[in-house]
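Peer 1: Got a file for you: my_file14.cif, mmCIF, C-alpha atoms.
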```cif
data_upload
loop_
_atom_site.label_atom_id
_atom_site.label_comp_id
_atom_site.auth_asym_id
_atom_site.auth_seq_id
_atom_site.Cartn_x
_atom_site.Cartn_y
_atom_site.Cartn_z
CA MET A 1438 -80.96 -69.36 -20.27
CA ILE A 1439 -82.21 -67.41 -23.28
CA ARG A 1440 -84.53 -65.57 -20.94
CA TRP A 1441 -81.64 -64.33 -18.78
CA LEU A 1442 -79.69 -63.22 -21.83
CA LEU A 1443 -82.71 -61.23 -22.95
CA TRP A 1444 -82.92 -59.53 -19.56
CA ILE A 1445 -79.22 -58.65 -19.80
CA ALA A 1446 -79.65 -57.37 -23.35
CA GLY A 1447 -82.54 -55.23 -22.14
CA GLY A 1448 -80.27 -53.95 -19.38
CA LEU A 1449 -77.60 -53.02 -21.92
CA VAL A 1450 -80.05 -51.02 -24.02
CA LEU A 1451 -81.37 -49.30 -20.91
CA GLY A 1452 -77.76 -48.65 -19.87
CA GLY A 1453 -77.14 -46.88 -23.18
CA ILE A 1454 -80.16 -44.68 -22.53
CA VAL A 1455 -78.93 -43.95 -18.99
CA HIS A 1456 -75.50 -43.03 -20.40
CA LEU A 1457 -76.87 -40.61 -22.99
CA THR A 1458 -79.34 -39.08 -20.54
CA THR A 1459 -76.70 -38.43 -17.90
CA ILE A 1460 -74.29 -36.92 -20.46
CA MET A 1461 -77.00 -34.64 -21.83
CA ALA A 1462 -78.29 -33.67 -18.38
CA LEU A 1463 -74.91 -33.03 -16.82
CA PRO A 1464 -74.40 -29.43 -18.00
CA ARG A 1465 -77.75 -28.49 -16.44
CA THR A 1466 -77.14 -30.24 -13.15
CA ALA A 1467 -73.45 -29.50 -12.53
CA SER A 1468 -73.35 -27.44 -9.34
CA ARG A 1469 -69.72 -26.35 -9.76
CA ASP A 1470 -69.78 -25.23 -13.37
CA ALA A 1471 -68.19 -21.94 -14.41
CA TYR A 1472 -71.41 -19.95 -14.02
CA ALA A 1473 -71.88 -21.22 -10.46
CA ARG A 1474 -68.25 -20.44 -9.61
CA LEU A 1475 -68.61 -16.89 -10.88
CA ALA A 1476 -72.01 -16.31 -9.25
CA SER A 1477 -70.62 -15.28 -5.87
CA LEU A 1478 -68.15 -12.76 -7.34
CA VAL A 1479 -69.82 -11.31 -10.37
CA PRO A 1480 -72.90 -9.05 -10.21
CA VAL A 1481 -75.88 -9.32 -12.54
CA ASN A 1482 -75.64 -6.78 -15.38
CA GLY A 1483 -72.34 -5.39 -14.16
CA PHE A 1484 -68.69 -6.25 -14.64
CA ALA A 1485 -66.34 -7.46 -11.92
CA LEU A 1486 -62.63 -8.10 -12.33
CA LEU A 1487 -61.70 -11.69 -11.60
CA PRO A 1488 -58.71 -12.23 -9.32
CA ALA A 1489 -55.64 -13.36 -11.28
CA PRO A 1490 -55.03 -17.11 -11.04
CA THR A 1491 -52.20 -18.15 -8.70
CA SER A 1492 -50.77 -21.51 -7.78
CA GLU A 1493 -52.92 -21.48 -4.63
CA SER A 1494 -56.23 -20.52 -6.12
CA SER A 1495 -57.96 -19.89 -9.37
CA ILE A 1496 -61.70 -19.43 -9.72
CA LEU A 1497 -61.83 -21.41 -12.94
CA PRO A 1498 -59.38 -24.08 -14.07
CA PHE A 1499 -57.06 -23.36 -17.01
CA MET A 1500 -57.24 -19.56 -16.74
CA ASP A 1501 -54.60 -17.83 -18.86
CA PRO A 1502 -52.35 -15.93 -16.41
CA ALA A 1503 -51.26 -13.52 -19.16
CA PHE A 1504 -54.74 -12.01 -19.25
CA ALA A 1505 -56.70 -9.63 -17.08
CA VAL A 1506 -60.27 -10.96 -16.99
CA ALA A 1507 -63.56 -9.32 -16.13
CA ALA A 1508 -66.95 -11.02 -16.19
CA CYS A 1509 -70.56 -9.89 -16.22
CA ARG A 1510 -73.55 -12.12 -15.59
CA TYR A 1511 -76.35 -10.85 -17.78
CA ASP A 1512 -80.08 -11.15 -17.44
CA LEU A 1513 -82.15 -10.07 -20.41
CA ALA A 1514 -85.52 -10.59 -18.72
CA LYS A 1515 -86.09 -6.84 -18.29
CA GLY A 1516 -84.59 -5.77 -21.61
CA PRO A 1517 -81.45 -5.76 -23.75
CA VAL A 1518 -78.01 -5.16 -22.28
CA LYS A 1519 -75.57 -2.61 -23.64
CA LEU A 1520 -71.95 -3.63 -23.53
CA THR A 1521 -68.89 -1.38 -23.70
CA VAL A 1522 -65.38 -2.73 -23.29
CA PRO A 1523 -62.47 -0.31 -23.84
CA VAL A 1524 -59.67 -1.76 -25.95
CA SER A 1525 -56.42 -2.36 -24.09
CA PRO A 1526 -52.99 -1.78 -25.76
CA ALA A 1527 -52.24 -5.39 -26.75
CA TYR A 1528 -55.29 -7.50 -27.38
CA THR A 1529 -58.84 -7.48 -26.07
CA SER A 1530 -61.62 -9.95 -26.62
CA VAL A 1531 -65.17 -10.45 -25.44
CA THR A 1532 -66.77 -13.88 -25.32
CA PHE A 1533 -70.44 -14.62 -24.67
CA TYR A 1534 -71.47 -17.79 -22.89
CA THR A 1535 -74.97 -19.11 -22.21
CA ARG A 1536 -76.04 -19.94 -18.67
CA TYR A 1537 -74.75 -23.45 -19.37
CA ASP A 1538 -71.28 -22.38 -20.49
CA VAL A 1539 -71.62 -22.68 -24.27
CA ALA A 1540 -69.51 -20.04 -26.04
CA TYR A 1541 -71.92 -18.79 -28.71
CA TYR A 1542 -70.17 -15.62 -29.78
CA ALA A 1543 -66.75 -14.06 -29.45
CA ILE A 1544 -65.31 -10.89 -30.86
CA ASN A 1545 -61.87 -9.32 -30.60
CA ASP A 1546 -60.64 -5.76 -30.90
CA ARG A 1547 -59.66 -6.19 -34.54
CA ALA A 1548 -63.16 -7.24 -35.51
CA ALA A 1549 -64.62 -4.39 -33.49
CA GLY A 1550 -62.01 -1.97 -34.76
CA ARG A 1551 -62.65 1.08 -32.58
CA ARG A 1552 -61.34 2.35 -29.32
CA SER A 1553 -63.85 0.19 -27.55
CA ILE A 1554 -65.90 -2.89 -28.30
CA GLU A 1555 -69.52 -1.78 -28.20
CA LEU A 1556 -72.53 -3.92 -28.78
CA ASP A 1557 -76.06 -4.67 -27.75
CA LEU A 1558 -77.05 -8.04 -26.43
CA MET A 1559 -80.66 -9.11 -26.74
CA THR A 1560 -82.85 -12.11 -27.27
CA THR A 1561 -84.24 -12.92 -30.71
CA LYS A 1562 -87.66 -11.74 -29.53
CA GLN A 1563 -86.31 -8.40 -28.32
CA ARG A 1564 -84.57 -7.89 -31.63
CA GLU A 1565 -87.77 -8.52 -33.52
CA GLU A 1566 -89.50 -5.95 -31.33
CA LEU A 1567 -86.97 -3.25 -32.23
CA PRO A 1568 -88.68 -0.47 -34.22
CA ASP A 1569 -87.70 -0.75 -37.88
CA ASP A 1570 -86.43 2.80 -38.24
CA GLU A 1571 -84.21 2.41 -35.23
CA GLU A 1572 -82.59 -0.57 -36.78
CA VAL A 1573 -81.84 1.43 -39.92
CA THR A 1574 -80.30 4.42 -38.16
CA ALA A 1575 -78.31 2.11 -35.95
CA ALA A 1576 -76.85 0.13 -38.80
CA ASP A 1577 -73.38 0.45 -37.41
CA ARG A 1578 -74.51 -0.79 -34.03
CA LEU A 1579 -73.50 -4.36 -33.48
CA ILE A 1580 -76.30 -6.55 -32.19
CA VAL A 1581 -75.67 -9.97 -30.69
CA GLU A 1582 -78.55 -12.35 -30.13
CA SER A 1583 -78.41 -14.44 -27.01
CA PRO A 1584 -79.93 -17.91 -27.22
CA SER A 1585 -80.69 -17.77 -23.48
CA LEU A 1586 -82.09 -15.15 -21.11
CA THR A 1587 -79.11 -15.39 -18.78
CA GLY A 1588 -75.44 -16.08 -19.28
CA VAL A 1589 -71.96 -14.69 -18.80
CA ILE A 1590 -69.93 -12.18 -20.77
CA VAL A 1591 -66.19 -12.51 -20.27
CA ALA A 1592 -63.86 -9.69 -21.32
CA ARG A 1593 -60.17 -10.56 -21.57
CA ALA A 1594 -57.28 -8.13 -22.01
CA LEU A 1595 -53.80 -9.43 -22.73
CA ALA A 1596 -50.75 -8.20 -20.85
CA ALA A 1597 -48.10 -9.12 -23.44
CA GLU A 1598 -45.50 -8.51 -20.73
CA PRO A 1599 -46.07 -8.55 -16.98
CA SER A 1600 -45.45 -4.79 -16.80
CA LEU A 1601 -48.45 -4.18 -19.05
CA LEU A 1602 -50.87 -5.90 -16.71
CA SER A 1603 -51.95 -2.68 -15.06
CA ALA A 1604 -52.89 -1.16 -18.43
CA ALA A 1605 -54.90 -4.28 -19.32
CA THR A 1606 -56.63 -4.25 -15.94
CA GLY A 1607 -57.30 -0.53 -16.26
CA ALA A 1608 -59.07 -1.01 -19.58
CA LEU A 1609 -61.31 -3.70 -18.14
CA ARG A 1610 -62.09 -1.64 -15.06
CA ALA A 1611 -63.96 0.76 -17.34
CA ALA A 1612 -65.96 -2.04 -18.98
CA GLN A 1613 -69.71 -1.71 -18.70
CA CYS A 1614 -72.59 -4.09 -19.12
CA LYS A 1615 -75.83 -2.25 -18.42
CA GLN A 1616 -79.53 -2.80 -18.77
CA GLN A 1617 -80.91 -0.37 -21.34
CA MET B 121 -90.61 -64.16 -8.99
CA ARG B 122 -88.58 -64.84 -12.11
CA LEU B 123 -89.88 -61.64 -13.63
CA LEU B 124 -88.77 -59.69 -10.58
CA ILE B 125 -85.27 -61.14 -10.62
CA GLY B 126 -85.07 -60.52 -14.38
CA LEU B 127 -86.09 -56.90 -13.99
CA LEU B 128 -83.63 -56.45 -11.16
CA LEU B 129 -80.86 -57.93 -13.29
CA SER B 130 -81.74 -55.56 -16.13
CA PHE B 131 -81.66 -52.54 -13.87
CA VAL B 132 -78.35 -53.49 -12.29
CA VAL B 133 -76.80 -53.97 -15.73
CA ALA B 134 -78.33 -50.67 -16.94
CA ALA B 135 -77.07 -48.70 -13.95
CA GLY B 136 -73.63 -50.28 -14.11
CA ILE B 137 -73.15 -49.81 -17.84
CA GLY B 138 -74.86 -46.43 -18.06
CA LEU B 139 -73.24 -44.69 -15.11
CA GLY B 140 -69.94 -46.49 -15.57
CA SER B 141 -69.61 -45.37 -19.17
CA THR B 142 -70.61 -41.81 -18.25
CA TRP B 143 -67.98 -41.72 -15.53
CA TYR B 144 -65.42 -43.14 -17.94
CA ALA B 145 -66.27 -40.59 -20.63
CA LEU B 146 -65.93 -37.71 -18.16
CA THR B 147 -62.69 -38.76 -16.49
CA GLN B 148 -60.96 -39.90 -19.67
CA ASN B 149 -62.01 -36.69 -21.39
CA LEU B 150 -63.59 -38.43 -24.37
CA SER B 151 -64.42 -35.62 -26.73
CA PHE B 152 -64.86 -35.85 -30.46
CA GLY B 153 -63.48 -33.71 -33.24
CA ALA B 154 -59.97 -33.20 -31.86
CA LEU B 155 -57.52 -31.42 -34.12
CA GLU B 156 -54.29 -33.30 -33.48
CA LEU B 157 -51.04 -31.67 -34.49
CA GLY B 158 -48.18 -33.81 -33.20
CA PRO B 159 -48.52 -34.01 -29.42
CA TRP B 160 -50.89 -31.02 -29.43
CA LYS B 161 -54.62 -31.55 -29.26
CA GLY B 162 -57.15 -28.82 -29.83
CA TYR B 163 -60.93 -28.71 -29.89
CA PRO B 164 -61.82 -25.66 -31.97
CA ARG B 165 -65.46 -26.74 -32.00
CA ASN B 166 -65.64 -26.34 -28.21
CA GLY B 167 -65.67 -22.58 -28.69
CA THR B 168 -68.83 -22.67 -30.78
CA VAL B 169 -72.48 -23.68 -30.35
CA GLY B 170 -71.52 -26.84 -32.25
CA ILE B 171 -69.72 -28.20 -29.16
CA ASP B 172 -70.39 -31.92 -28.74
CA PRO B 173 -72.33 -33.19 -25.70
CA TYR B 174 -69.34 -35.02 -24.25
CA ALA B 175 -67.16 -31.92 -24.30
CA ARG B 176 -70.04 -29.93 -22.78
CA ALA B 177 -70.36 -32.42 -19.95
CA VAL B 178 -66.62 -32.37 -19.25
CA ILE B 179 -66.51 -28.57 -19.31
CA ALA B 180 -69.51 -28.27 -16.99
CA ARG B 181 -68.02 -30.75 -14.58
CA ASN B 182 -64.59 -29.05 -14.51
CA GLY B 183 -66.03 -25.54 -14.35
CA GLU B 184 -64.09 -24.33 -17.38
CA LEU B 185 -65.01 -21.64 -19.86
CA PRO B 186 -63.76 -22.67 -23.32
CA VAL B 187 -61.99 -20.15 -25.55
CA GLY B 188 -64.59 -18.75 -27.97
CA SER B 189 -63.89 -19.37 -31.65
CA GLY B 190 -63.85 -15.64 -32.50
CA ASP B 191 -61.23 -15.16 -29.81
CA GLY B 192 -58.78 -18.00 -30.38
CA VAL B 193 -57.99 -21.69 -30.19
CA ALA B 194 -56.42 -23.67 -27.34
CA PHE B 195 -54.19 -26.70 -27.73
CA THR B 196 -53.09 -29.00 -24.93
CA ALA B 197 -50.15 -31.39 -24.77
CA ALA B 198 -49.90 -33.98 -22.02
CA ALA B 199 -47.11 -36.00 -23.64
CA ASP B 200 -43.95 -35.36 -25.64
CA ASP B 201 -43.41 -36.20 -29.31
CA SER B 202 -42.67 -39.82 -28.54
CA GLY B 203 -45.78 -40.21 -26.42
CA ARG B 204 -44.22 -40.13 -22.93
CA ALA B 205 -46.33 -38.32 -20.36
CA LEU B 206 -44.85 -34.96 -19.39
CA ASP B 207 -43.00 -35.24 -16.08
CA GLY B 208 -42.01 -32.17 -14.10
CA ARG B 209 -38.81 -33.82 -12.89
CA CYS B 210 -37.44 -34.06 -16.44
CA ASP B 211 -35.94 -31.49 -18.79
CA VAL B 212 -38.19 -30.96 -21.77
CA ALA B 213 -37.54 -28.64 -24.72
CA VAL B 214 -40.41 -27.07 -26.64
CA ARG B 215 -38.91 -25.88 -29.88
CA GLY B 216 -40.11 -24.60 -33.20
CA THR B 217 -42.50 -22.14 -34.71
CA THR B 218 -46.23 -21.66 -34.41
CA PRO B 219 -49.09 -21.08 -36.81
CA PRO B 220 -49.82 -17.43 -37.59
CA ALA B 221 -51.66 -15.64 -34.80
CA ARG B 222 -51.56 -12.12 -33.45
CA TYR B 223 -50.51 -13.41 -30.06
CA PHE B 224 -50.05 -16.75 -28.45
CA THR B 225 -49.43 -17.84 -24.89
CA ILE B 226 -47.95 -21.06 -23.56
CA THR B 227 -48.82 -22.03 -19.99
CA LEU B 228 -47.97 -24.89 -17.68
CA TYR B 229 -50.79 -26.38 -15.57
CA THR B 230 -51.34 -29.34 -13.32
CA LEU B 231 -53.68 -31.93 -14.81
CA SER B 232 -56.59 -30.26 -13.03
CA GLY B 233 -55.81 -26.84 -14.51
CA GLN B 234 -54.05 -25.13 -11.60
CA LEU B 235 -50.85 -23.15 -11.92
CA VAL B 236 -47.70 -24.62 -10.36
CA ALA B 237 -45.87 -22.76 -7.57
CA ASN B 238 -42.27 -21.79 -8.36
CA SER B 239 -39.69 -19.31 -7.13
CA LEU B 240 -39.88 -17.12 -10.24
CA ASP B 241 -43.67 -16.92 -10.20
CA ARG B 242 -43.53 -17.77 -13.89
CA HIS B 243 -46.31 -19.89 -15.28
CA GLY B 244 -45.90 -19.33 -18.98
CA PHE B 245 -44.82 -17.05 -21.78
CA THR B 246 -46.59 -14.78 -24.20
CA SER B 247 -45.37 -14.68 -27.81
CA GLN B 248 -43.90 -11.25 -27.11
CA GLU B 249 -41.80 -12.40 -24.15
CA LEU B 250 -40.09 -15.31 -25.89
CA VAL B 251 -36.46 -14.98 -26.94
CA ARG B 252 -36.01 -16.33 -30.48
CA ASP B 253 -33.02 -17.35 -32.55
CA ALA B 254 -32.04 -15.83 -35.91
CA SER B 255 -34.41 -18.11 -37.84
CA GLY B 256 -37.36 -16.97 -35.76
CA GLU B 257 -37.68 -20.22 -33.86
CA PHE B 258 -37.95 -20.29 -30.12
CA GLU B 259 -36.91 -22.87 -27.56
CA ILE B 260 -38.56 -23.09 -24.18
CA MET B 261 -36.81 -25.19 -21.54
CA VAL B 262 -39.42 -26.77 -19.30
CA SER B 263 -37.38 -27.90 -16.36
CA PRO B 264 -37.35 -28.12 -12.57
CA ARG B 265 -33.94 -26.36 -12.45
CA ALA B 266 -33.02 -22.92 -13.75
CA ARG B 267 -31.98 -22.86 -17.41
CA PRO B 268 -30.66 -20.04 -19.59
CA GLY B 269 -33.02 -18.56 -22.15
CA ASN B 270 -36.74 -19.22 -21.98
CA TRP B 271 -37.00 -21.19 -18.76
CA LEU B 272 -40.43 -22.44 -17.78
CA PRO B 273 -40.14 -23.91 -14.26
CA THR B 274 -42.08 -27.07 -13.47
CA GLY B 275 -41.79 -26.86 -9.71
CA GLY B 276 -40.88 -30.55 -9.83
CA VAL B 277 -44.48 -31.79 -10.13
CA ASP B 278 -45.10 -35.38 -11.19
CA SER B 279 -47.20 -34.55 -14.19
CA TYR B 280 -48.32 -31.46 -16.03
CA VAL B 281 -49.87 -30.27 -19.26
CA LEU B 282 -48.78 -27.49 -21.56
CA MET B 283 -51.45 -25.31 -23.05
CA LEU B 284 -50.78 -23.30 -26.18
CA ARG B 285 -53.40 -20.68 -26.94
CA PHE B 286 -53.54 -18.73 -30.18
CA TYR B 287 -55.42 -15.46 -30.20
CA ASP B 288 -56.80 -13.76 -33.29
CA THR B 289 -55.81 -16.57 -35.61
CA SER B 290 -57.07 -18.19 -38.77
CA LEU B 291 -56.68 -21.58 -37.09
CA GLY B 292 -60.00 -23.07 -36.23
CA VAL B 293 -62.76 -25.48 -37.11
CA ALA B 294 -61.70 -25.45 -40.77
CA THR B 295 -58.06 -26.36 -40.07
CA ARG B 296 -57.39 -29.91 -41.17
CA ALA B 297 -53.75 -30.83 -41.14
CA GLY B 298 -50.34 -30.02 -39.76
CA ARG B 299 -49.22 -28.50 -43.05
CA GLU B 300 -51.34 -25.44 -42.35
CA ALA B 301 -50.23 -25.28 -38.75
CA PRO B 302 -46.58 -25.86 -37.81
CA MET B 303 -46.53 -26.62 -34.09
CA PRO B 304 -43.48 -26.66 -31.84
CA ALA B 305 -41.96 -30.05 -31.07
CA ILE B 306 -41.77 -31.33 -27.48
CA ARG B 307 -38.63 -33.36 -26.72
CA LEU B 308 -37.05 -34.83 -23.66
CA THR B 309 -33.52 -33.41 -23.68
CA ARG B 310 -31.94 -35.01 -20.63
CA VAL B 311 -32.46 -37.76 -18.17
CA CYS B 312 -34.84 -37.05 -15.36
CA GLN B 313 -33.83 -36.20 -11.85
#
```
Could the structure of this file be written out as structure tokens, please?

Peer 2:
Amino acid sequence: MIRWLLWIAGGLVLGGIVHLTTIMALPRTASRDAYARLASLVPVNGFALLPAPTSESSILPFMDPAFAVAACRYDLAKGPVKLTVPVSPAYTSVTFYTRYDVAYYAINDRAAGRRSIELDLMTTKQREELPDDEEVTAADRLIVESPSLTGVIVARALAAEPSLLSAATGALRAAQCKQQ
Amino acid sequence: MRLLIGLLLSFVVAAGIGLGSTWYALTQNLSFGALELGPWKGYPRNGTVGIDPYARAVIARNGELPVGSGDGVAFTAAADDSGRALDGRCDVAVRGTTPPARYFTITLYTLSGQLVANSLDRHGFTSQELVRDASGEFEIMVSPRARPGNWLPTGGVDSYVLMLRFYDTSLGVATRAGREAPMPAIRLTRVCQ
């Protein structure tokens, strides 16, 4: 009897390990995660406007219908990416996600405080390789370090009223995400 | 032979418990660190690298992109103040004020995060669109039938969630209690249809 209980106890411990492993592995194995959903629509190192969510279809769940959204899949393998997002009249934000959908950095137009949000995205290694003098002269240049080589940048522009949607969309249409 | 049966038993228990609990955690949306303000639940940590593994798994499975913490915070309500699940056949009033934020939006979704079809093509309000009373409070009528004022149509769906998103706000990981963040109340105002 004791023997069977021990086997079951062993099974429980193993079950705990299975549980933790599957939870930890899931983000890397999910085939319908946000990155995969965007992959067919969004180019690498270039922005594409995402279609507005409707009751029939929405690329991602829980998209805010008050926002115009553009996304860029980045790949830093060949060098840093330069990002420019013009500020729309109401509110504009840019959020950086890793390949596995972790939001590691977000900035809005107030924090950027110019007519456009401009920054350079690079890996830690690429930042270390920047010449020292360049870093000094470019002190006002905002540098964001990406924890992964690939990921998604999502630019969102609010249309505070439906009539302002075209202005929000227009701002995002001029957004750029280019290999340097 | 006994060893073999024992091993088999162990593996069956492990698979059952392990996969069963994973499935449960994903479908029941078990995430830690919720900021609960009345019926509203937010996960400010989900917009940072400090996101917990359970929330990551749920997000990956649903295909969501969480609101980044430098952008804003999202709160979801699936029940009213007294804990009843939100039903699209009932009249529900969302009334009150909100924590300070440059903008906020309130949106109605199905449980899986899709918008609900309705004749007005209205799925939510932005803070700028809401009509407010003299004291600065607003009241949104979430109802299947047309209502005066801020009417948010439900399309008569069985169940829905309301999502309140604050943009450019001081709300976030450091927010602890409701005192810092007055959230609108959600009340059933009339019998259901």

Peer 1: Would you tabulate, counting only C-alpha atoms, all residues of chain B that have an atom at most 8 Å from an atom of chain A, showing the closest pair of atoms and their distance in Å to one decimal, sorted by chain then ascending number, as a tab-separated table?

Peer 2:
```
residue	atom	partner	partner_atom	distance
B:Gly126	CA	A:Trp1444	CA	5.7
B:Leu127	CA	A:Trp1444	CA	6.9
B:Leu129	CA	A:Ile1445	CA	6.8
B:Ser130	CA	A:Gly1448	CA	3.9
B:Phe131	CA	A:Gly1448	CA	5.9
B:Val132	CA	A:Gly1448	CA	7.4
B:Val133	CA	A:Gly1448	CA	5.0
B:Ala134	CA	A:Gly1452	CA	3.6
B:Ala135	CA	A:Gly1452	CA	6.0
B:Gly136	CA	A:Gly1452	CA	7.3
B:Ile137	CA	A:Gly1452	CA	5.2
B:Gly138	CA	A:Gly1452	CA	4.1
B:Leu139	CA	A:His1456	CA	6.0
B:Ser141	CA	A:His1456	CA	6.5
B:Thr142	CA	A:His1456	CA	5.5
B:Asn166	CA	A:Ala1540	CA	7.7
B:Gly167	CA	A:Ala1540	CA	5.3
B:Thr168	CA	A:Tyr1541	CA	5.4
B:Val169	CA	A:Tyr1541	CA	5.2
B:Ile171	CA	A:Val1539	CA	7.6
B:Pro173	CA	A:Met1461	CA	6.2
B:Tyr174	CA	A:Ile1460	CA	6.5
B:Arg176	CA	A:Pro1464	CA	6.5
B:Ala177	CA	A:Pro1464	CA	5.4
B:Ile179	CA	A:Asp1470	CA	7.6
B:Ala180	CA	A:Asp1470	CA	4.7
B:Arg181	CA	A:Asp1470	CA	5.9
B:Asn182	CA	A:Asp1470	CA	6.5
B:Gly183	CA	A:Asp1470	CA	3.9
B:Glu184	CA	A:Ala1471	CA	5.6
B:Leu185	CA	A:Ala1471	CA	6.3
B:Pro186	CA	A:Ala1540	CA	6.9
B:Val187	CA	A:Ala1540	CA	7.5
B:Gly188	CA	A:Ala1543	CA	5.4
B:Ser189	CA	A:Ala1543	CA	6.4
B:Gly190	CA	A:Ala1543	CA	4.5
B:Asp191	CA	A:Ala1543	CA	5.6
B:Thr225	CA	A:Ala1503	CA	7.4
B:Thr227	CA	A:Asp1501	CA	7.2
B:Tyr229	CA	A:Phe1499	CA	7.1
B:Ser232	CA	A:Pro1498	CA	6.9
B:Gly233	CA	A:Phe1499	CA	4.5
B:Gln234	CA	A:Pro1498	CA	6.0
B:Leu235	CA	A:Ser1492	CA	4.5
B:Val236	CA	A:Ser1492	CA	5.1
B:Ala237	CA	A:Ser1492	CA	5.1
B:His243	CA	A:Pro1502	CA	7.3
B:Gly244	CA	A:Pro1502	CA	7.7
B:Phe245	CA	A:Ala1503	CA	7.8
B:Thr246	CA	A:Ala1597	CA	5.9
B:Ser247	CA	A:Ala1597	CA	7.6
B:Gln248	CA	A:Ala1597	CA	6.0
B:Glu249	CA	A:Glu1598	CA	6.4
B:Asp288	CA	A:Asn1545	CA	7.3
```

Peer 1: Expand the PyMOL selection byres ((chain B and resi 296) around 12) into the explicit residue set it covers here, and present it as a ChimeraX atom specification.

Peer 2: /B:153-157,162-164,290-295,297-301

Peer 1: Identify which of the residues B:Ser151, B:Ile226, B:Leu308, B:Gly192 lies closest to B:Asn270, counting only C-alpha atoms when measuring atom-to-atom distances.

Peer 2: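 Using only C-alpha atoms, B:Asn270 sits closest to B:Ile226.
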
Peer 1: For A:Ala1507, which residue among A:Val1479, A:Ala1592, A:Leu1602, A:Ala1611 is the nearest when counting all atoms listed in the file?

Peer 2: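 Going through A:Val1479, A:Ala1592, A:Leu1602, A:Ala1611 one by one, the smallest distance to A:Ala1507 is for A:Ala1592.
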
Peer 1: For the provided coordinates, the residues matched by the PyMOL selection byres ((chain A and resi 1510) around 9) should be stated as a list in words.

Peer 2: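 Applying the expression gives Tyr1472, Leu1475, Ala1476, Val1479, Pro1480, Val1481, Asn1482, Gly1483, Phe1484, Ala1508, Cys1509, Tyr1511, Asp1512, Arg1536, Thr1587, Gly1588, Val1589, Ile1590, Val1591 and Cys1614 of chain A.
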
Peer 1: Please list as a PyMOL selection string every residue within 6 Å of B:Leu282, counting only C-alpha atoms and excluding residues in the same chain fewer than 5 positions away.

Peer 2: chain B and resi 196-197+227-228

Peer 1: Could you tell me which of B:Arg252, B:Gln313, B:Ile125, B:Pro159 comes closest to B:Arg204 if we count only C-alpha atoms?

Peer 2: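 Checking each candidate against B:Arg204, we get B:Pro159 as the closest.
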
Peer 1: So the first atom is atom CA of B:Phe286 and the second is atom CA of B:Leu206; what is the distance between them in Å, to one decimal place?

Peer 2: 21.3 Å

Peer 1: What does the distance from atom CA of B:Ile260 to atom CA of B:Gln148 come to in Å, to one decimal?

Peer 2: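 Value for the atom CA of B:Ile260-atom CA of B:Gln148 distance: 28.4 Å.
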
Peer 1: To one decimal place in Å, what is the distance between atom CA of B:Gly158 and atom CA of B:Ala205?

Peer 2: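 Those two atoms sit 13.7 Å apart.
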
Peer 1: Write out as a ChimeraX atom specification each polymer residue whose atoms come within 12 Å of B:Cys210, counting only C-alpha atoms; drop sequence neighbours fewer than 4 positions from it.

Peer 2: /B:200,204-206,261-265,273-280,307-313

Peer 1: Can you write out the residues you just picked, keeping C-alpha atoms, as a compact mmCIF listing (two decimals), in the coordinates of the input?

Peer 2:
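Result went into again-v7.txt, see below:
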```txt
# COMPACT_ATOMS: atom_id res chain seq x y z
CA ASP B 200 -43.95 -35.36 -25.64
CA ARG B 204 -44.22 -40.13 -22.93
CA ALA B 205 -46.33 -38.32 -20.36
CA LEU B 206 -44.85 -34.96 -19.39
CA MET B 261 -36.81 -25.19 -21.54
CA VAL B 262 -39.42 -26.77 -19.30
CA SER B 263 -37.38 -27.90 -16.36
CA PRO B 264 -37.35 -28.12 -12.57
CA ARG B 265 -33.94 -26.36 -12.45
CA PRO B 273 -40.14 -23.91 -14.26
CA THR B 274 -42.08 -27.07 -13.47
CA GLY B 275 -41.79 -26.86 -9.71
CA GLY B 276 -40.88 -30.55 -9.83
CA VAL B 277 -44.48 -31.79 -10.13
CA ASP B 278 -45.10 -35.38 -11.19
CA SER B 279 -47.20 -34.55 -14.19
CA TYR B 280 -48.32 -31.46 -16.03
CA ARG B 307 -38.63 -33.36 -26.72
CA LEU B 308 -37.05 -34.83 -23.66
CA THR B 309 -33.52 -33.41 -23.68
CA ARG B 310 -31.94 -35.01 -20.63
CA VAL B 311 -32.46 -37.76 -18.17
CA CYS B 312 -34.84 -37.05 -15.36
CA GLN B 313 -33.83 -36.20 -11.85
```
